[in-house]
Every structure is written in C-alpha cells, then in structure tokens.
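Working notes, structure below.
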Amino acid sequence: MTPAAIPQKPHSVRVPFRLLAGLICLAGTVAVLGTTYMAWQRGTHSVPANFIVWLPGVAWLTRLAFHAAVDGAEPENEYWPWASSRVANCYFLIAILYSAFTPR
C-alpha cells in the first residue's frame, strides 16, 4: 500500500526577504523596460545580444520576486516561462554558455 501524496503548503516569506524581493522586482522591471526602450529608441542593432538572451530569465526572476513580495509565498508554477525545471535548466545553461563565449 502506497501512502497518498500530501499536498505541501508553500513556505511563507519573512519581511526582510519580502523587501529584498521587492527591490529585485523593481530592478528586473527597470532592466526589461530599459532594454525595450533602448531597442525602440536606437534600433535593435544597438542592443547587445546578451540583453535579448537574458530577457526570459529576468522575466522569470521578476515574477518569482513579485510573488515573494506580494503574496509572501512562492508561485504555484515556479518555472513559468518554461514547461518544467529541465527546460529552465537547459535555458540557463545555454544563456550562460552564450554569455561566456560571445566576443565582447
């Protein structure tokens, strides 16, 4: 007989970490809006490719920080832009390798 899966309650986030999450959320929003403004104002040729490659990662981090700051808990789907943790890990590995081996 196998025991039934017990649903886990999300861990609550303490206030200092909520403030830090709010700062991360603000920085991520500024980064995404700044990259968008730079691409719109100067054209896409002036935006470094690293900025474009890291936008989904920044969106993921901003969403995670937003839920930690506002809800005080992690979101139900932690890997939102990606289907699963494996897809997210592959994305981050490719983004890190791209950033490391791209000429400046």
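Starting from 1 in every chain, residues are counted up; chains themselves are A, B, ... following the order of the structure tokens, and ligands are numbered from 1 as listed.
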Segment 38-53 of chain A surroundings by only C-alpha atoms, 10 Å radius, close-in-sequence under 6 positions cut, as a list of chain:residue names: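 In the requested form, the answer reads A:Ala31, A:Val32, A:Tyr91, A:Phe92, A:Ile94, A:Ala95, A:Ile96, A:Tyr98, A:Ser99, A:Ala100, A:Thr102, A:Arg104.
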In segment 7-97 of chain A, DSSP alpha helix (DSSP H) residues written as a VMD selection string: chain A and resid 15 to 42 49 to 70 85 to 97
For atom CA of Phe17 of chain A and atom CA of His67 of chain A, the interatomic separation in Å (one decimal): 11.6 Å
Selection near Ala21 of chain A, 10 Å with only C-alpha atoms, sequence-local residues under 5 positions removed, as a list of chain:residue names: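 Near Ala21 of chain A, the qualifying residues are A:Val13, A:Val15, A:Pro16, A:Leu26, A:Ala27, A:Leu61, A:Thr62, A:Arg63, A:Leu64, A:Ala65, A:Phe66, A:His67, A:Ala68, A:Ala69, A:Val70, A:Gly72.
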From A:Leu55, A:Asn77, A:Phe101, A:Trp82, residue lying nearest Thr36 of chain A [only C-alpha atoms]: A:Leu55
Separation of atom CA of Ser12 of chain A from atom CA of Ala88 of chain A, in Å and rounded to one decimal: 23.7 Å
Distance of atom CA of Tyr37 of chain A from atom CA of Leu97 of chain A, expressed in Å to one decimal place: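 These atoms are spaced 26.3 Å apart.
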